[in-house]
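Printed here is work.pdb (PDB, C-alpha atoms):
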ATOM      1  CA  MET A  13     -14.779   5.794 -22.817
ATOM      2  CA  ASN A  14     -12.548   4.430 -20.150
ATOM      3  CA  PRO A  15     -12.652   0.692 -19.798
ATOM      4  CA  THR A  16     -12.919  -0.373 -16.170
ATOM      5  CA  LEU A  17      -9.963  -1.980 -14.452
ATOM      6  CA  SER A  18      -9.518  -5.723 -14.748
ATOM      7  CA  ASP A  19     -10.084  -7.779 -11.599
ATOM      8  CA  HIS A  20      -6.371  -8.212 -11.320
ATOM      9  CA  GLN A  21      -5.759  -4.478 -11.570
ATOM     10  CA  SER A  22      -8.479  -3.730  -8.981
ATOM     11  CA  LEU A  23      -6.845  -6.118  -6.599
ATOM     12  CA  GLN A  24      -3.452  -4.541  -7.232
ATOM     13  CA  LEU A  25      -4.940  -1.115  -6.611
ATOM     14  CA  ARG A  26      -6.508  -2.270  -3.330
ATOM     15  CA  ARG A  27      -3.148  -3.601  -2.194
ATOM     16  CA  LEU A  28      -1.381  -0.377  -3.103
ATOM     17  CA  LEU A  29      -3.978   1.703  -1.289
ATOM     18  CA  GLU A  30      -3.560  -0.316   1.879
ATOM     19  CA  THR A  31      -0.151   1.277   2.283
ATOM     20  CA  GLY A  32      -1.677   4.713   1.800
ATOM     21  CA  LEU A  33      -1.940   7.246  -0.985
ATOM     22  CA  PRO A  34       1.321   8.315  -2.689
ATOM     23  CA  LEU A  35       2.445  11.731  -1.470
ATOM     24  CA  THR A  36       2.787  13.320  -4.878
ATOM     25  CA  PRO A  37       0.941  16.137  -6.641
ATOM     26  CA  ARG A  38      -0.874  13.607  -8.857
ATOM     27  CA  PRO A  39      -1.331  10.556  -6.642
ATOM     28  CA  PHE A  40      -3.854   8.874  -8.940
ATOM     29  CA  GLN A  41      -1.482   9.188 -11.868
ATOM     30  CA  ALA A  42       1.274   7.649  -9.736
ATOM     31  CA  LEU A  43      -1.004   4.714  -8.900
ATOM     32  CA  ALA A  44      -2.027   4.356 -12.546
ATOM     33  CA  GLU A  45       1.591   4.001 -13.642
ATOM     34  CA  GLN A  46       2.149   1.231 -11.125
ATOM     35  CA  ILE A  47      -0.669  -0.947 -12.422
ATOM     36  CA  ASP A  48      -0.517  -0.018 -16.080
ATOM     37  CA  ALA A  49      -3.811   1.866 -16.112
ATOM     38  CA  SER A  50      -4.885   5.427 -16.806
ATOM     39  CA  GLU A  51      -5.350   8.133 -14.232
ATOM     40  CA  GLN A  52      -9.027   8.353 -15.167
ATOM     41  CA  GLN A  53      -9.514   4.616 -14.643
ATOM     42  CA  ILE A  54      -8.086   4.936 -11.141
ATOM     43  CA  LEU A  55     -10.321   7.891 -10.350
ATOM     44  CA  ASP A  56     -13.403   6.070 -11.701
ATOM     45  CA  GLN A  57     -12.624   2.955  -9.703
ATOM     46  CA  MET A  58     -12.058   4.924  -6.517
ATOM     47  CA  GLN A  59     -15.242   6.904  -7.056
ATOM     48  CA  ASP A  60     -17.123   3.608  -7.457
ATOM     49  CA  TRP A  61     -15.629   2.183  -4.287
ATOM     50  CA  HIS A  62     -16.429   5.375  -2.458
ATOM     51  CA  GLU A  63     -20.062   5.299  -3.640
ATOM     52  CA  GLN A  64     -20.358   1.630  -2.704
ATOM     53  CA  GLY A  65     -19.152   2.521   0.778
ATOM     54  CA  LEU A  66     -15.952   0.510   0.648
ATOM     55  CA  PHE A  67     -14.153   3.513   2.040
ATOM     56  CA  ARG A  68     -15.602   6.623   3.580
ATOM     57  CA  ARG A  69     -12.919   9.060   2.568
ATOM     58  CA  VAL A  70      -9.304   9.459   1.626
ATOM     59  CA  GLY A  71      -8.238  10.818   4.940
ATOM     60  CA  LEU A  72      -6.004  10.641   7.945
ATOM     61  CA  VAL A  73      -5.359   8.509  10.934
ATOM     62  CA  VAL A  74      -4.150  10.855  13.623
ATOM     63  CA  ASN A  75      -2.100   9.897  16.625
ATOM     64  CA  HIS A  76      -4.702  11.388  18.935
ATOM     65  CA  ARG A  77      -2.420  11.340  21.936
ATOM     66  CA  ALA A  78       0.291  13.214  20.064
ATOM     67  CA  LEU A  79      -2.336  15.820  19.216
ATOM     68  CA  GLY A  80      -3.294  16.258  22.843
ATOM     69  CA  PHE A  81      -6.436  14.137  22.932
ATOM     70  CA  ALA A  82      -5.342  12.270  26.018
ATOM     71  CA  ALA A  83      -8.723  11.785  27.686
ATOM     72  CA  ASN A  84     -10.278   8.813  25.959
ATOM     73  CA  ALA A  85     -13.484   7.728  27.642
ATOM     74  CA  MET A  86     -15.978   4.989  26.971
ATOM     75  CA  LEU A  87     -19.490   5.843  28.096
ATOM     76  CA  VAL A  88     -21.623   2.741  28.608
ATOM     77  CA  LEU A  89     -25.351   2.803  29.257
ATOM     78  CA  ASP A  90     -27.993   0.250  30.093
ATOM     79  CA  VAL A  91     -30.813   1.267  27.767
ATOM     80  CA  PRO A  92     -34.107  -0.653  27.629
ATOM     81  CA  ASP A  93     -34.128  -2.768  24.472
ATOM     82  CA  ALA A  94     -37.145  -0.965  23.042
ATOM     83  CA  LEU A  95     -35.334   2.379  23.212
ATOM     84  CA  VAL A  96     -31.769   1.496  22.342
ATOM     85  CA  ASP A  97     -31.976   2.248  18.617
ATOM     86  CA  GLU A  98     -33.502   5.642  19.194
ATOM     87  CA  VAL A  99     -31.117   6.593  21.982
ATOM     88  CA  GLY A 100     -28.162   5.271  19.979
ATOM     89  CA  ARG A 101     -29.071   7.366  16.967
ATOM     90  CA  ARG A 102     -29.560  10.476  19.083
ATOM     91  CA  LEU A 103     -26.317  10.111  21.029
ATOM     92  CA  GLY A 104     -24.463   9.158  17.860
ATOM     93  CA  GLN A 105     -25.325  12.525  16.383
ATOM     94  CA  ALA A 106     -24.323  14.478  19.457
ATOM     95  CA  PRO A 107     -21.201  16.613  19.172
ATOM     96  CA  GLY A 108     -18.145  15.039  20.743
ATOM     97  CA  ILE A 109     -19.262  11.422  20.339
ATOM     98  CA  SER A 110     -16.826   9.783  17.940
ATOM     99  CA  LEU A 111     -18.211   6.239  17.935
ATOM    100  CA  CYS A 112     -21.556   4.823  19.060
ATOM    101  CA  TYR A 113     -22.450   1.127  19.010
ATOM    102  CA  GLN A 114     -24.930  -1.308  20.448
ATOM    103  CA  ARG A 115     -23.300  -4.370  22.010
ATOM    104  CA  PRO A 116     -24.795  -7.320  23.897
ATOM    105  CA  ARG A 117     -25.309  -7.387  27.656
ATOM    106  CA  ARG A 118     -23.587 -10.279  29.440
ATOM    107  CA  LEU A 119     -25.613 -10.723  32.576
ATOM    108  CA  PRO A 120     -24.871 -10.855  35.387
ATOM    109  CA  GLN A 121     -21.314  -9.583  34.764
ATOM    110  CA  TRP A 122     -22.117  -6.798  32.330
ATOM    111  CA  GLN A 123     -25.391  -4.913  32.103
ATOM    112  CA  TYR A 124     -24.582  -2.197  29.541
ATOM    113  CA  ASN A 125     -25.720  -2.356  25.914
ATOM    114  CA  LEU A 126     -24.871   1.049  24.438
ATOM    115  CA  PHE A 127     -21.262   2.197  23.996
ATOM    116  CA  CYS A 128     -20.077   5.696  23.087
ATOM    117  CA  MET A 129     -16.480   6.829  22.670
ATOM    118  CA  ILE A 130     -15.497  10.334  23.574
ATOM    119  CA  HIS A 131     -12.038  11.745  22.899
ATOM    120  CA  GLY A 132     -11.145  14.935  24.690
ATOM    121  CA  ARG A 133      -8.146  16.879  25.873
ATOM    122  CA  GLN A 134      -8.955  16.980  29.566
ATOM    123  CA  ARG A 135     -10.642  14.545  31.810
ATOM    124  CA  ASP A 136     -12.769  17.036  33.745
ATOM    125  CA  ARG A 137     -13.979  18.537  30.479
ATOM    126  CA  VAL A 138     -15.007  15.122  29.186
ATOM    127  CA  GLU A 139     -16.835  14.393  32.441
ATOM    128  CA  ALA A 140     -18.719  17.683  32.226
ATOM    129  CA  GLN A 141     -19.493  17.085  28.572
ATOM    130  CA  VAL A 142     -20.962  13.650  29.305
ATOM    131  CA  GLN A 143     -23.007  14.999  32.192
ATOM    132  CA  ALA A 144     -24.439  17.747  30.002
ATOM    133  CA  LEU A 145     -25.120  15.301  27.199
ATOM    134  CA  LEU A 146     -27.031  12.895  29.427
ATOM    135  CA  GLU A 147     -29.067  15.731  30.908
ATOM    136  CA  ALA A 148     -29.877  17.188  27.511
ATOM    137  CA  HIS A 149     -31.157  13.812  26.346
ATOM    138  CA  LEU A 150     -32.952  13.057  29.634
ATOM    139  CA  LEU A 151     -30.814   9.967  30.147
ATOM    140  CA  SER A 152     -29.207  10.768  33.497
ATOM    141  CA  ASP A 153     -31.445   8.270  35.285
ATOM    142  CA  LEU A 154     -30.338   5.324  33.159
ATOM    143  CA  PRO A 155     -27.607   3.164  34.688
ATOM    144  CA  HIS A 156     -24.353   4.300  33.087
ATOM    145  CA  GLN A 157     -20.615   4.429  33.666
ATOM    146  CA  LEU A 158     -17.719   6.363  32.216
ATOM    147  CA  LEU A 159     -14.547   4.315  31.729
ATOM    148  CA  PHE A 160     -11.439   6.394  31.118
ATOM    149  CA  SER A 161      -8.459   4.741  29.534
ATOM    150  CA  THR A 162      -5.219   5.184  31.371
ATOM    151  CA  HIS A 163      -2.812   3.319  29.152
ATOM    152  CA  LEU A 164      -2.635   2.022  25.612
ATOM    153  CA  PHE A 165      -0.702  -1.229  25.454
ATOM    154  CA  LYS A 166      -0.874  -2.025  21.813
ATOM    155  CA  GLN A 167      -2.123  -0.322  18.726
ATOM    156  CA  CYS A 168      -2.806  -2.260  15.582
ATOM    157  CA  GLY A 169      -0.129  -4.875  15.484
ATOM    158  CA  GLY A 170      -2.516  -7.563  14.362
ATOM    159  CA  ARG A 171      -2.124  -9.560  11.210
ATOM    160  CA  TYR A 172      -5.724  -8.971  10.259
ATOM    161  CA  ALA A 173      -5.858  -5.749  12.143
ATOM    162  CA  THR A 174      -3.735  -4.005   9.602
ATOM    163  CA  PRO A 175      -5.623  -3.978   6.400
ATOM    164  CA  ALA A 176      -4.233  -0.513   6.970
ATOM    165  CA  GLY A 177      -6.563   2.404   7.124
ATOM    166  CA  VAL A 178      -9.264   0.598   8.958
ATOM    167  CA  ALA A 179     -10.371   2.175  12.159
ATOM    168  CA  ILE A 180     -10.288  -0.994  14.227
ATOM    169  CA  ASP A 181     -12.835  -0.568  16.930
ATOM    170  CA  GLY A 182     -14.280  -4.015  17.192
TER     171      GLY A 182
ATOM    172  CA  MET B   7       2.955  22.577  14.575
ATOM    173  CA  ASP B   8       1.777  25.877  13.224
ATOM    174  CA  ASP B   9      -1.517  27.207  11.976
ATOM    175  CA  LEU B  10      -1.126  25.763   8.478
ATOM    176  CA  ASP B  11      -0.376  22.295   9.906
ATOM    177  CA  ARG B  12      -3.511  22.516  11.985
ATOM    178  CA  ARG B  13      -5.691  23.635   9.117
ATOM    179  CA  LEU B  14      -4.225  20.896   6.935
ATOM    180  CA  ILE B  15      -4.924  18.194   9.543
ATOM    181  CA  ASN B  16      -8.478  19.394  10.077
ATOM    182  CA  ARG B  17      -9.161  19.612   6.373
ATOM    183  CA  LEU B  18      -7.665  16.222   5.532
ATOM    184  CA  GLN B  19      -9.746  14.530   8.208
ATOM    185  CA  LEU B  20     -12.730  15.417   6.040
ATOM    186  CA  GLY B  21     -11.154  13.755   3.021
ATOM    187  CA  LEU B  22      -9.040  14.532  -0.020
ATOM    188  CA  PRO B  23     -11.078  15.229  -3.169
ATOM    189  CA  LEU B  24     -10.988  12.488  -5.811
ATOM    190  CA  VAL B  25      -9.684  14.650  -8.653
ATOM    191  CA  ARG B  26      -6.570  14.670 -10.812
ATOM    192  CA  HIS B  27      -4.876  17.480  -8.912
ATOM    193  CA  PRO B  28      -6.225  17.098  -5.395
ATOM    194  CA  TRP B  29      -3.424  19.065  -3.748
ATOM    195  CA  GLN B  30      -3.956  22.013  -6.005
ATOM    196  CA  ALA B  31      -7.615  22.027  -5.013
ATOM    197  CA  LEU B  32      -6.662  21.938  -1.351
ATOM    198  CA  ALA B  33      -3.940  24.545  -1.773
ATOM    199  CA  GLU B  34      -6.517  26.996  -3.056
ATOM    200  CA  GLU B  35      -8.773  26.310  -0.101
ATOM    201  CA  LEU B  36      -5.990  26.667   2.418
ATOM    202  CA  GLU B  37      -4.217  29.515   0.613
ATOM    203  CA  SER B  38      -1.001  27.579   0.234
ATOM    204  CA  SER B  39       0.715  25.590  -2.516
ATOM    205  CA  SER B  40       0.544  21.895  -3.310
ATOM    206  CA  SER B  41       4.261  21.419  -2.684
ATOM    207  CA  GLU B  42       4.025  23.153   0.678
ATOM    208  CA  LEU B  43       1.060  20.986   1.717
ATOM    209  CA  LEU B  44       2.783  17.793   0.604
ATOM    210  CA  ASP B  45       5.945  18.764   2.504
ATOM    211  CA  ARG B  46       3.903  19.431   5.626
ATOM    212  CA  LEU B  47       2.039  16.137   5.343
ATOM    213  CA  HIS B  48       5.280  14.256   4.818
ATOM    214  CA  GLU B  49       6.717  15.811   7.946
ATOM    215  CA  LEU B  50       3.635  15.141  10.091
ATOM    216  CA  LEU B  51       3.735  11.476   9.060
ATOM    217  CA  ASN B  52       7.465  11.248   9.762
ATOM    218  CA  ASP B  53       7.016  12.833  13.184
ATOM    219  CA  GLY B  54       4.309  10.340  14.072
ATOM    220  CA  VAL B  55       1.666  13.036  14.613
ATOM    221  CA  LEU B  56      -0.234  11.298  11.824
ATOM    222  CA  THR B  57      -0.046   7.559  11.420
ATOM    223  CA  ARG B  58      -1.621   7.118   8.024
ATOM    224  CA  PHE B  59      -2.853   8.966   4.975
ATOM    225  CA  GLY B  60      -5.033   7.165   2.456
ATOM    226  CA  PRO B  61      -8.469   5.636   1.945
ATOM    227  CA  MET B  62     -10.167   4.712   5.215
ATOM    228  CA  PHE B  63     -11.709   1.378   4.406
ATOM    229  CA  ASP B  64     -14.967   0.412   6.064
ATOM    230  CA  ILE B  65     -14.182  -2.473   8.347
ATOM    231  CA  ASP B  66     -17.605  -4.075   7.896
ATOM    232  CA  ARG B  67     -17.049  -4.446   4.166
ATOM    233  CA  LEU B  68     -13.600  -5.909   4.210
ATOM    234  CA  GLY B  69     -14.491  -9.337   5.477
ATOM    235  CA  GLY B  70     -13.071 -10.752   8.637
ATOM    236  CA  ALA B  71     -14.516 -10.716  12.105
ATOM    237  CA  PHE B  72     -14.026  -8.320  14.973
ATOM    238  CA  THR B  73     -15.014  -7.979  18.552
ATOM    239  CA  LEU B  74     -14.449  -5.868  21.622
ATOM    240  CA  ALA B  75     -13.530  -7.964  24.635
ATOM    241  CA  ALA B  76     -12.717  -7.254  28.251
ATOM    242  CA  LEU B  77     -10.990  -8.990  31.127
ATOM    243  CA  ALA B  78     -11.129  -8.313  34.843
ATOM    244  CA  VAL B  79      -7.462  -8.777  35.665
ATOM    245  CA  PRO B  80      -6.174  -8.928  39.245
ATOM    246  CA  GLU B  81      -3.775  -6.013  39.658
ATOM    247  CA  PRO B  82      -0.596  -8.045  40.332
ATOM    248  CA  ARG B  83      -1.085  -9.942  37.057
ATOM    249  CA  PHE B  84      -1.936  -6.948  34.916
ATOM    250  CA  GLU B  85       1.424  -6.352  33.215
ATOM    251  CA  THR B  86       2.011 -10.029  32.493
ATOM    252  CA  ILE B  87      -1.367 -10.472  30.864
ATOM    253  CA  ALA B  88      -0.976  -7.246  28.900
ATOM    254  CA  GLU B  89       2.290  -8.651  27.501
ATOM    255  CA  LEU B  90       0.639 -11.945  26.689
ATOM    256  CA  LEU B  91      -2.071 -10.171  24.671
ATOM    257  CA  ALA B  92       0.442  -7.862  23.010
ATOM    258  CA  ALA B  93       2.194 -10.927  21.598
ATOM    259  CA  MET B  94      -1.000 -12.289  20.025
ATOM    260  CA  PRO B  95      -1.442 -11.303  16.368
ATOM    261  CA  GLU B  96      -5.243 -11.307  16.770
ATOM    262  CA  VAL B  97      -5.151  -8.467  19.289
ATOM    263  CA  ALA B  98      -5.447  -5.122  17.532
ATOM    264  CA  HIS B  99      -5.225  -2.850  20.515
ATOM    265  CA  ASN B 100      -5.518  -3.031  24.220
ATOM    266  CA  TYR B 101      -6.516  -0.276  26.650
ATOM    267  CA  ARG B 102      -6.335  -0.204  30.379
ATOM    268  CA  ARG B 103      -9.512   1.351  31.738
ATOM    269  CA  GLU B 104     -10.483   2.392  35.227
ATOM    270  CA  HIS B 105     -13.037  -0.247  36.136
ATOM    271  CA  SER B 106     -13.122  -3.745  37.588
ATOM    272  CA  TRP B 107     -13.186  -4.808  33.918
ATOM    273  CA  ASN B 108      -9.828  -3.145  33.519
ATOM    274  CA  MET B 109      -8.445  -4.571  30.260
ATOM    275  CA  TRP B 110     -10.272  -3.770  27.017
ATOM    276  CA  PHE B 111      -9.030  -5.100  23.717
ATOM    277  CA  VAL B 112     -10.159  -5.547  20.145
ATOM    278  CA  LEU B 113      -9.755  -8.839  18.307
ATOM    279  CA  ALA B 114      -9.467  -8.939  14.534
ATOM    280  CA  CYS B 115      -9.625 -12.404  12.965
ATOM    281  CA  PRO B 116     -10.414 -13.937   9.574
ATOM    282  CA  SER B 117     -13.635 -15.570  10.845
ATOM    283  CA  GLU B 118     -16.139 -15.725  13.700
ATOM    284  CA  GLN B 119     -14.794 -19.168  14.533
ATOM    285  CA  ALA B 120     -11.307 -17.736  14.934
ATOM    286  CA  ILE B 121     -12.707 -15.088  17.310
ATOM    287  CA  SER B 122     -14.257 -17.808  19.522
ATOM    288  CA  ASP B 123     -11.083 -19.870  19.393
ATOM    289  CA  THR B 124      -8.961 -16.881  20.344
ATOM    290  CA  LEU B 125     -11.203 -15.969  23.279
ATOM    291  CA  LEU B 126     -11.083 -19.552  24.457
ATOM    292  CA  ARG B 127      -7.300 -19.552  24.183
ATOM    293  CA  ILE B 128      -7.109 -16.348  26.235
ATOM    294  CA  GLU B 129      -9.343 -17.923  28.851
ATOM    295  CA  ARG B 130      -7.162 -21.038  29.024
ATOM    296  CA  LEU B 131      -3.939 -19.055  29.212
ATOM    297  CA  THR B 132      -5.134 -16.611  31.860
ATOM    298  CA  GLY B 133      -7.780 -18.507  33.784
ATOM    299  CA  LEU B 134      -9.986 -15.428  33.324
ATOM    300  CA  GLU B 135     -13.240 -15.457  31.408
ATOM    301  CA  PRO B 136     -13.401 -12.633  28.839
ATOM    302  CA  LEU B 137     -16.510 -10.608  28.095
ATOM    303  CA  ASN B 138     -17.233 -10.893  24.391
ATOM    304  CA  LEU B 139     -18.998  -7.749  23.168
ATOM    305  CA  PRO B 140     -19.280  -7.735  19.376
ATOM    306  CA  LYS B 141     -20.973  -4.818  17.657
ATOM    307  CA  GLU B 142     -24.673  -5.417  17.133
ATOM    308  CA  GLU B 143     -25.573  -2.075  15.647
ATOM    309  CA  THR B 144     -23.533   0.910  14.492
ATOM    310  CA  TYR B 145     -25.128   4.287  15.175
ATOM    311  CA  HIS B 146     -22.199   6.529  14.467
ATOM    312  CA  VAL B 147     -18.591   6.372  13.292
ATOM    313  CA  GLY B 148     -17.032   9.780  12.986
ATOM    314  CA  LEU B 149     -13.603  10.068  14.462
ATOM    315  CA  TYR B 150     -12.649  13.696  14.101
ATOM    316  CA  PHE B 151      -9.970  15.445  16.084
ATOM    317  CA  PRO B 152     -10.057  19.185  15.481
ATOM    318  CA  VAL B 153      -6.663  20.699  16.307
TER     319      VAL B 153
END
Just give me the structure of the file as structure tokens.
Amino acid sequence: MNPTLSDHQSLQLRRLLETGLPLTPRPFQALAEQIDASEQQILDQMQDWHEQGLFRRVGLVVNHRALGFAANAMLVLDVPDALVDEVGRRLGQAPGISLCYQRPRRLPQWQYNLFCMIHGRQRDRVEAQVQALLEAHLLSDLPHQLLFSTHLFKQCGGRYATPAGVAIDG
Amino acid sequence: MDDLDRRLINRLQLGLPLVRHPWQALAEELESSSSELLDRLHELLNDGVLTRFGPMFDIDRLGGAFTLAALAVPEPRFETIAELLAAMPEVAHNYRREHSWNMWFVLACPSEQAISDTLLRIERLTGLEPLNLPKEETYHVGLYFPV
């Protein structure tokens, strides 16, 4: 049996993982050596965290602009309150939608309560994609707007914004 | 970037398996070797094509408070206010968007109180009232950039 990590070791492991996974053939062994644990203990702990939903995957953050995803659009819709959960779930599952959230209206300045992010390579393609999506879901008649980003001023400099590996999207 | 880089990026966006020899497992899938894959990953991180490799923690479970906020900034003041926000540690990122609400930024703070305080500070410093649009429901989070 593998004893579980002590609280202190778990905390150490969390800290280490915030800087990323070691780029070695046996990354979990490398982590184990740093906190005086066994490779299996690390794997068990990470499996637990994964099952508890603390992290979704050991994956990548891509520089989407460097990869050619320059057209970043925020689709906002004014959906009647009684329908917003259903519409949100449906749009959230649609291909091409990377994030989908409900947020509050701030009347009279802001009437939209459903937010979807779409990352694409070309603006006209994203526009066509959104049009098709709204038609397919019979939502074209709802008040909506598509806000393209034109410039990114700052990415994750924040003190709390960099428990690294978190997709900070508010 | 060649075909192997692309396949590696696409595959890693789905997650590295939690096993003793994860790179060996991936090498078999991608018909490569673990050392080749590690070299490629190293290079992509160095080049800035990738900005991080590791566990993607779920923001809602880490503690802390977050919100999306927006300002309607008069055009002549845009750069100055963008610089002001860039200097604030609470601001995680800031996008210019084509709309009368033209500045969209995310705040990350240790508490809800700190979010309110920060928004109030921004209002005092700029004379502009921010929209505060915290998440009320998450329907989908699935950033995936196939290359």
Gap from CA of Arg26 in chain B to CA of Arg13 in chain B - Å, one decimal: 21.9 Å
I want to know what sits within 10 Å of Leu43 in chain A, based on all atoms listed in the file, with residues of the same chain fewer than 5 positions away left out; could you give that as a PyMOL selection string? chain A and resi 24-25+28-29+33-34+38+48-51+54-55
Identify, on the basis of all atoms listed in the file, every residue whose closest approach to Met109 in chain B does not exceed 9 Å; exclude the query and any residue fewer than 4 positions from it along the same chain; express the result as a ChimeraX atom specification. /B:75-79,84,88,100-105
Could you state which residues are captured by the PyMOL selection byres ((chain A and resi 100-108) around 12) in this file, as a ChimeraX atom specification? /A:81,84-85,87-99,109-115,125-133,137-142,144-151 /B:142-152
Please, what distance in Å, to one decimal, runs between CA of Glu37 in chain B and CA of Glu49 in chain B?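 Interatomic distance here is 19.0 Å.
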Excluding same-chain residues fewer than 2 positions from Leu79 in chain A, what lies within 12 Å of it counting only C-alpha atoms, as a PyMOL selection string? (chain A and resi 73-77+81-83+131-133) or (chain B and resi 7+11-12+15-16+50+53-57+150-153)
To test your reading of the syntax: which residues would the PyMOL selection byres ((chain B and resi 118) around 12) return for the file shown? Reply as a list in words.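 Going through the file, the PyMOL selection byres ((chain B and resi 118) around 12) ends up selecting Gly69, Gly70, Ala71, Phe72, Thr73, Leu113, Ala114, Cys115, Pro116, Ser117, Gln119, Ala120, Ile121, Ser122, Asp123, Thr124, Leu125, Asn138 and Pro140 of chain B.
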Write a file of the just-selected residues containing C-alpha atoms, as an mmCIF file, in the coordinates of the input.
data_model
loop_
_atom_site.group_PDB
_atom_site.id
_atom_site.type_symbol
_atom_site.label_atom_id
_atom_site.label_comp_id
_atom_site.auth_asym_id
_atom_site.auth_seq_id
_atom_site.Cartn_x
_atom_site.Cartn_y
_atom_site.Cartn_z
ATOM 1 C CA GLY B 69 -14.491 -9.337 5.477
ATOM 2 C CA GLY B 70 -13.071 -10.752 8.637
ATOM 3 C CA ALA B 71 -14.516 -10.716 12.105
ATOM 4 C CA PHE B 72 -14.026 -8.320 14.973
ATOM 5 C CA THR B 73 -15.014 -7.979 18.552
ATOM 6 C CA LEU B 113 -9.755 -8.839 18.307
ATOM 7 C CA ALA B 114 -9.467 -8.939 14.534
ATOM 8 C CA CYS B 115 -9.625 -12.404 12.965
ATOM 9 C CA PRO B 116 -10.414 -13.937 9.574
ATOM 10 C CA SER B 117 -13.635 -15.570 10.845
ATOM 11 C CA GLN B 119 -14.794 -19.168 14.533
ATOM 12 C CA ALA B 120 -11.307 -17.736 14.934
ATOM 13 C CA ILE B 121 -12.707 -15.088 17.310
ATOM 14 C CA SER B 122 -14.257 -17.808 19.522
ATOM 15 C CA ASP B 123 -11.083 -19.870 19.393
ATOM 16 C CA THR B 124 -8.961 -16.881 20.344
ATOM 17 C CA LEU B 125 -11.203 -15.969 23.279
ATOM 18 C CA ASN B 138 -17.233 -10.893 24.391
ATOM 19 C CA PRO B 140 -19.280 -7.735 19.376
#
Evaluate the PyMOL selection byres ((chain B and resi 44-46) around 8) here and jot the selected residues down as number ranges by chain. A: 35-37; B: 11, 29, 40-43, 47-50
Considering only C-alpha atoms, can you say which of B:Ile128, B:Leu18, B:Leu90, B:Leu134 comes closest to chain A?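 Among the listed residues, the smallest separation from chain A belongs to B:Leu18.
Coordinates place CA of Leu24 in chain B at a distance of 16.6 Å from CA of Thr16 in chain A.
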With only C-alpha atoms as the atoms that count, which of A:Gln21, A:Phe160, A:Gln123, A:Pro155 lies nearest to chain B?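 Smallest separation from chain B among the options: A:Phe160.
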Which is closer to chain B than all the others in A:Leu23, A:Leu66, A:Leu17, A:Ile47, using all atoms listed in the file?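 Among A:Leu23, A:Leu66, A:Leu17, A:Ile47, it is A:Leu66 that comes nearest to chain B.
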Residue nearest chain B among A:Glu30, A:Asp153, A:Asp19, A:Glu63 (counting only C-alpha atoms):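 Selected residue with least distance to chain B: A:Glu30.
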Minimum-distance residue to chain B, chosen among A:Gln46, A:Gln52, A:Leu72, A:Leu119 (using only C-alpha atoms): A:Leu72
